[in-house]
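Below you'll find the structure, written out as structure tokens, and then a few comments.
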4 protein chains.
Amino acid sequence: MTITPPALSVFEALESEVRSYCRGWPAVFDRAQGSHMYDEDGHTYLDFFAGAGSLNYGHNNPVLKRALIDYIERDGVTHGLDMSTTAKRAFLESFQNNVLRPRDLPYKVMFPGPTGTNAVESALKLARKVKGREAIVSFTNAFHGMSLGSLAVTGNAFKRAGAGIPLVHGTPMPFDNYFDGTVPDFLWFERLLEDQGSGLNKPAAVIVETVQGEGGINVARPEWLRALAELCERQDMLLIVDDIQMGCGRTGAFFSFEEAGITPDIVTVSKSISGYGLPMSLCLFKPELDIWEPGEHNGTFRGNNPAFVTAAATLDTYWSDGQMEKQTLARGEQVEQALRAICDEEQSGAHFRGRGLVWGLEFEDKDRATAVCRRAFELGLLVESSGPESEVVKLLPALTISPEELDEGLRTLARAVRETA
Amino acid sequence: MTITPPALSVFEALESEVRSYCRGWPAVFDRAQGSHMYDEDGHTYLDFFAGAGSLNYGHNNPVLKRALIDYIERDGVTHGLDMSTTAKRAFLESFQNNVLRPRDLPYKVMFPGPTGTNAVESALKLARKVKGREAIVSFTNAFHGMSLGSLAVTGNAFKRAGAGIPLVHGTPMPFDNYFDGTVPDFLWFERLLEDQGSGLNKPAAVIVETVQGEGGINVARPEWLRALAELCERQDMLLIVDDIQMGCGRTGAFFSFEEAGITPDIVTVSKSISGYGLPMSLCLFKPELDIWEPGEHNGTFRGNNPAFVTAAATLDTYWSDGQMEKQTLARGEQVEQALRAICDEEQSGAHFRGRGLVWGLEFEDKDRATAVCRRAFELGLLVESSGPESEVVKLLPALTISPEELDEGLRTLARAVRETA
Amino acid sequence: MTITPPALSVFEALESEVRSYCRGWPAVFDRAQGSHMYDEDGHTYLDFFAGAGSLNYGHNNPVLKRALIDYIERDGVTHGLDMSTTAKRAFLESFQNNVLRPRDLPYKVMFPGPTGTNAVESALKLARKVKGREAIVSFTNAFHGMSLGSLAVTGNAFKRAGAGIPLVHGTPMPFDNYFDGTVPDFLWFERLLEDQGSGLNKPAAVIVETVQGEGGINVARPEWLRALAELCERQDMLLIVDDIQMGCGRTGAFFSFEEAGITPDIVTVSKSISGYGLPMSLCLFKPELDIWEPGEHNGTFRGNNPAFVTAAATLDTYWSDGQMEKQTLARGEQVEQALRAICDEEQSGAHFRGRGLVWGLEFEDKDRATAVCRRAFELGLLVESSGPESEVVKLLPALTISPEELDEGLRTLARAVRETA
Amino acid sequence: MTITPPALSVFEALESEVRSYCRGWPAVFDRAQGSHMYDEDGHTYLDFFAGAGSLNYGHNNPVLKRALIDYIERDGVTHGLDMSTTAKRAFLESFQNNVLRPRDLPYKVMFPGPTGTNAVESALKLARKVKGREAIVSFTNAFHGMSLGSLAVTGNAFKRAGAGIPLVHGTPMPFDNYFDGTVPDFLWFERLLEDQGSGLNKPAAVIVETVQGEGGINVARPEWLRALAELCERQDMLLIVDDIQMGCGRTGAFFSFEEAGITPDIVTVSKSISGYGLPMSLCLFKPELDIWEPGEHNGTFRGNNPAFVTAAATLDTYWSDGQMEKQTLARGEQVEQALRAICDEEQSGAHFRGRGLVWGLEFEDKDRATAVCRRAFELGLLVESSGPESEVVKLLPALTISPEELDEGLRTLARAVRETA
């Protein structure tokens, strides 16, 4: 496939220099369906990025599309602030029946605004209010969002510098396996908590991703997560799992923390919760934490009702039984085999890691991942790098991808790896 | 009309106590069209709130609805991160042709995430980066959002307390007419800036709303805004106009600052920019400020393409000429006359103020506004209070409301005022 | 008198560039007695600066000197941390008998470390602990010290910039007469406090100097101080009077706030409290505020016992009756007359203000004050400038200065003014 | 010896509850000489605390006393702000000749105010100014002072809570041997610095004590200090050694870092620098860091000239050759032997550690150290506990203590240990 760089004039002339993905993928996309995107010049791309995890059910999934169009057609409420609506009720009931009740999760549901960072901001606010303490512990290479509260618990130095003010009240701790297993888990963290002379401000909460997506696909072991949950309980800190990228089935189960058998105090959900790529997020928390006053946190778009409609349809369609989880794990094995083959073949050093349908392929040559992604794009595969130095190729295919599509993409990836060696 | 409180069970059982509007308007809304909302029990409500200013063109506006459904039907890209898409291009071109070029505005366009607070966060980040200073000046009774950066420049003490950390780097200055004209404009602010011993950290920027919506419909005079712009230039501070609620034609012109003849350095736009109530926001700034690095600020839903589609349709439909502005001003006069009559009639003291189609009716008895809104709801009119003590009835009808609808609503309002005397 | 610049080699070679007074007074001082200092080249200087208010009883006052040498000779405890010592007891008893009891002041006494900024830091800590709030209100052109807590409530932009971090939790309000009487007192401050939407974080305390020394000899009127005290009580804020420079009789009465008839919640005292120029400070507060835990604030030199000895001798000698106060007021009148004459004579604009024995002479030509001080030095008079632009000549003679010495100095000052016209 | 609790009435009635040492040592001290203190009831105490390290040359050392009285007698300048004085020159010359030049140390000398915390505040300010960054790294169980800047880098949770505001811009790292040697030095710290995704704000400087006194007599190994210095250089961070308690010969050499062979960028000195227990402190830094503007940091008592006089006499008397260092090391061996004997004898677990003449005796039973100190006091020995849980008996005898006095004190200590078993 030959890509002719499109005439990007209005983008270059008018859009801010902050734009990013459009630089690595210099096409003008027009349509999308399932695991494929189509640009205006007729090229087709297989999507292994899935809207950074926002499109777990593929682009414009027909089941959800039908529900969405029906709702729009019949003039269902579009913008509802936090009014009660029939669409919100349907979502809440579906969420309760398909997600919370079967997992015996006791959570209250907050609609904090439609983006992930809104959810994180509300989670941090609530934790601080409940505990009456300011400090939050996050982990190395964490990513939680770009507004100031979320950015303060995000690791990336380049993003942090963008704040323009010193980011405070957050302290990083080593994520699982940060020292390749040479240091016992939580050695440093627990010692700081127990030592009254350590200088660590006692945290209100710990915020963690079970798999760090932006941070380079770093996978926390279930036993590490369990130990973290126990540490939080022992030390009177709330445990916040940021499941924005890894929830909604990305790792197999609906919530990524299910495998570890823990029940976080607070959970943030966004990205794929609407199923259709529409802005929506949730902040879930144990009922005893629901000490919010009415309106203490608000936001104009926290009632994005079309998203509630597709979200309910998604849950009813994909989460009323265990099929989706099984299929994701099966697809994950397919990815794992392919990555193993790539790494076995690769001369100069490559490693892979992942869970469910989130996988990372890391190269010892740090610039390689970017080269692989670039070549993959030329070959018609959308795949992105992640990690503090963009050293990891990140695989986030839709959960609904077919085995054949997955195979095709993995073969293209292997080729891109070979051709950039 | 008799309202039977609906069975709110799932809302009460599952939704967080933070929910707010649903308490004052205890109905379950199902459909909406133009200036009317319909609940599931068959009641009809005339909407004088318009999604807190997000529905300037009414609910489910048929022109936009057609464009939206067409786009969804043809599998246009829904979730596009910040990739270039045909929908984004169409929006950018429409925004340039209908908005920027006719007004001779030089702005670059940033998509900072789809909510207002994302836009404000990006504006504050950029101002701090450009000027290398942390401090921001905001105004008494300002409202800019709920994430930590925006909250720090928001006035409301109750919302601020929700942060759970001390909010710093912001200093409030008196908004226009804060002292009823007894103190010269900017006396205090300018003196602090000029006095090297004042103790004010030199601000990177000033952020202002031309009309404070949440703050109680406080209207800044054009001459005050001009003096503020001159002060900013003289003192090397950037001027940020937060036009999230007052932009998109709410005050008549597309941008609320046009009447004053100023060109802010940075402008935030959200709420009605998509026209259809879909989450979308913009941060506009002068090209010389566009010093962002690629990806320095990002966000999952900054490419909400269905919103781009309705936004472009909105601009093409309503902003290709001066009709909308004229109509809004005419409707505004209709409101003004009705409010004058109410205030003339009111015994115990009421005042009104506003511009375009944003009006406030303030009662000397501070509890009255809430009572009026409650009674109005019973009478089938959706209207909300604002101001630090909820002492102002806020009128935000759709710009597309018909004179008859407007008249009906104003009569209902008058009745609610009378019946709560 | 001709001054030969001394060989400053070791000062220039070894001492940091931060050194300051030695630049304006390029002499190497050797001895001092009463109101005179003597340099190593045999020149004599009349001292109108008195150690920035630390030498209210003159240099090496013979009464105090006798007590000090006796104490050292007999091996009295020198360094006592916060152990109980006979010297501390003698001071406490003298302070109670001569200062607190006659004024009916209920204060507990804290020894927070021997410098003014230690006292201010402890006062701010205590206020925050008592009220459970972080914010402090200070005034334009305030000076409270150089450690981070004190610096955050200090006005001078140059000093603030030295912090190297953004100074937060402090908000400046206009000092008395900041707008030349055109704005009612506390209009802005009280409005911010009463308006729940103002954006001002509710302060734990207000810190004020009754006369701003470093700020340019700005004198608060008694009625302004009373109104401030009432505002603090009404709004549940603690009132801290920083009496470090203006206490110990500088304005006439022992405490500078006595004239206003107020009883601050917290008072900081330092500079002249030891009487002999030895480092010592106090933090005084109402007994109900004494919620410190043992050792919650500490410091190595908070038990500087030689200073306790001279402090007790000072109080016994000068403050057992009202003589000192009367004498200071009389000397003040002498200064006032001379300054009036200077201002009457001065063509290009000069103003004076002051109380007791602290006076300021301000020139409309901002560079003039520095020139006057330089010329005065050449003429054998030590006098310094103050104010945000060093535009005020500050007169702080010892309270023990004789009428003749005072007259001589005032005549020298007048000559310096004339000769710099 | 039987101690009758003295009538503490004025202390209890008037002095704040914050008082601390006077509670553990309920005597009223009157006189002191060498290693002995005398209370007003005629009891004699052998002092193993030495003013928390401020009296390295004993109480009222006769050589220094003579110099001090001579200076006072001849009316030498007492309070000199930062004017050049003959006393300051003599100190600077003595410091250069006896301390800096023989050690080939290039430092400029700053007089930042007379207490340790003033010195630390100025060191932190300078580091931030030089590097343009806010963050500082300190170590677990560090103690640097009580004003807000210093407190933010101090470990003790109880002291930190006293701030009343969240302490920010500081991050603790593990001090030497924090994990009993099981974790490689700086593993965590260096990894955070190298990882661009770690979330650590890049520090301007690292502040460290070579032996943590308040923290429990934790001794850093020379190789650890060298590795720290190298890390700082490699990572472009300034190294600040806080030598306030451990400098002035406490560990043998004049500076405690000499043994490690490192040259810190900034050094803070206080406590025993005056030799006589008079308030004085220094901030030393490499000449290229001397970017202070004149007066950018100041303070009323930074020119405590009597302290300069005793300081110069101290240096001339004790530091013109290597005798003092040798003697300290010899006395240290005497202490070490005695502590080894105590620990050998102790059944329930005791450990000791130290360098020069600073030693700690830690008990596994955490309450024991306090009991030992109490019993020692009854037996006429002044000794204090330290460590985050006051679990360590801290030995800080004067460097001038005689072998016989030292032996007597160590025997009393052994008895107190036995009698509290």
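Ligands are numbered from 1 in the order shown, residues from 1 within each chain, and chains are lettered A, B, ... in the order they appear in the structure tokens.
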
Using only C-alpha atoms, find each residue of chain B with at least one atom at most 6 Å away from an atom of chain A; report its shortest atom-to-atom pair and that distance in Å (one decimal), sort the rows by chain and rising residue number, and return the result as a Markdown table.
| residue | atom | partner | partner_atom | distance |
| --- | --- | --- | --- | --- |
| B:Leu14 | CA | A:Lys108 | CA | 5.1 |
| B:Glu15 | CA | A:Val109 | CA | 4.8 |
| B:Ser16 | CA | A:Met110 | CA | 5.1 |
| B:Glu17 | CA | A:Trp292 | CA | 5.8 |
| B:Val18 | CA | A:Pro294 | CA | 4.2 |
| B:Arg19 | CA | A:Pro294 | CA | 5.5 |
| B:Ser20 | CA | A:Pro294 | CA | 5.0 |
| B:Tyr21 | CA | A:Met83 | CA | 5.4 |
| B:Cys22 | CA | A:Met83 | CA | 4.3 |
| B:Val28 | CA | A:Thr85 | CA | 4.7 |
| B:Phe29 | CA | A:Thr85 | CA | 4.4 |
| B:Asp30 | CA | A:Thr86 | CA | 5.3 |
| B:Arg31 | CA | A:Gly76 | CA | 4.2 |
| B:Ala32 | CA | A:Val77 | CA | 5.3 |
| B:Asp75 | CA | A:Arg31 | CA | 5.4 |
| B:Gly76 | CA | A:Arg31 | CA | 4.2 |
| B:Val77 | CA | A:Arg31 | CA | 4.8 |
| B:His79 | CA | A:Gly277 | CA | 5.1 |
| B:Asp82 | CA | A:Tyr21 | CA | 5.8 |
| B:Met83 | CA | A:Cys22 | CA | 4.3 |
| B:Ser84 | CA | A:Val28 | CA | 4.8 |
| B:Thr85 | CA | A:Phe29 | CA | 4.4 |
| B:Thr86 | CA | A:Asp30 | CA | 5.3 |
| B:Lys108 | CA | A:Leu14 | CA | 5.1 |
| B:Val109 | CA | A:Glu15 | CA | 4.8 |
| B:Met110 | CA | A:Ser16 | CA | 5.1 |
| B:Glu121 | CA | A:Ser147 | CA | 5.9 |
| B:Lys125 | CA | A:Ala163 | CA | 5.3 |
| B:Arg128 | CA | A:Gly164 | CA | 5.1 |
| B:Lys129 | CA | A:Gly164 | CA | 5.3 |
| B:Glu134 | CA | A:Ile165 | CA | 5.6 |
| B:Ser147 | CA | A:Glu121 | CA | 5.9 |
| B:Leu148 | CA | A:Gly149 | CA | 5.2 |
| B:Gly149 | CA | A:Leu148 | CA | 5.2 |
| B:Lys159 | CA | A:Glu296 | CA | 5.4 |
| B:Ala163 | CA | A:Lys125 | CA | 5.3 |
| B:Gly164 | CA | A:Arg128 | CA | 5.1 |
| B:Ile165 | CA | A:Glu134 | CA | 5.6 |
| B:Gly277 | CA | A:His79 | CA | 5.1 |
| B:Pro279 | CA | A:Phe301 | CA | 6.0 |
| B:Trp292 | CA | A:Val18 | CA | 5.1 |
| B:Glu293 | CA | A:Val18 | CA | 5.5 |
| B:Pro294 | CA | A:Val18 | CA | 4.2 |
| B:Gly295 | CA | A:Ser20 | CA | 5.1 |
| B:Glu296 | CA | A:Lys159 | CA | 5.5 |
| B:Phe301 | CA | A:Pro279 | CA | 6.0 |

Exercise: region 46-48 of chain C partners within 8 Å, only C-alpha atoms, chain neighbours under 6 positions left out, as number ranges by chain: C: 35-37, 380-383, 395-398, 405, 409

Residues flagged alpha helix (DSSP H) by DSSP in region 50-298 of chain A, as number ranges by chain: A: 50-53, 62-73, 86-95, 116-131, 148-151, 157-161, 187-194, 222-234

Long-range neighbours of Leu406 (chain B) as a list in words, 9 Å cut-off, only C-alpha atoms, 3 positions minimum in chain: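 Using only C-alpha atoms, the neighbours found are Phe48, Arg331, Gln334, Val335, Pro397, Ile401, Ser402, Pro403, Gly409, Leu410 and Arg411 of chain B.
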
Interatomic distance (Å, one decimal) between CA of Ala350 (chain A) and CA of Phe175 (chain A):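 Computing it gives 21.1 Å between the two atoms.
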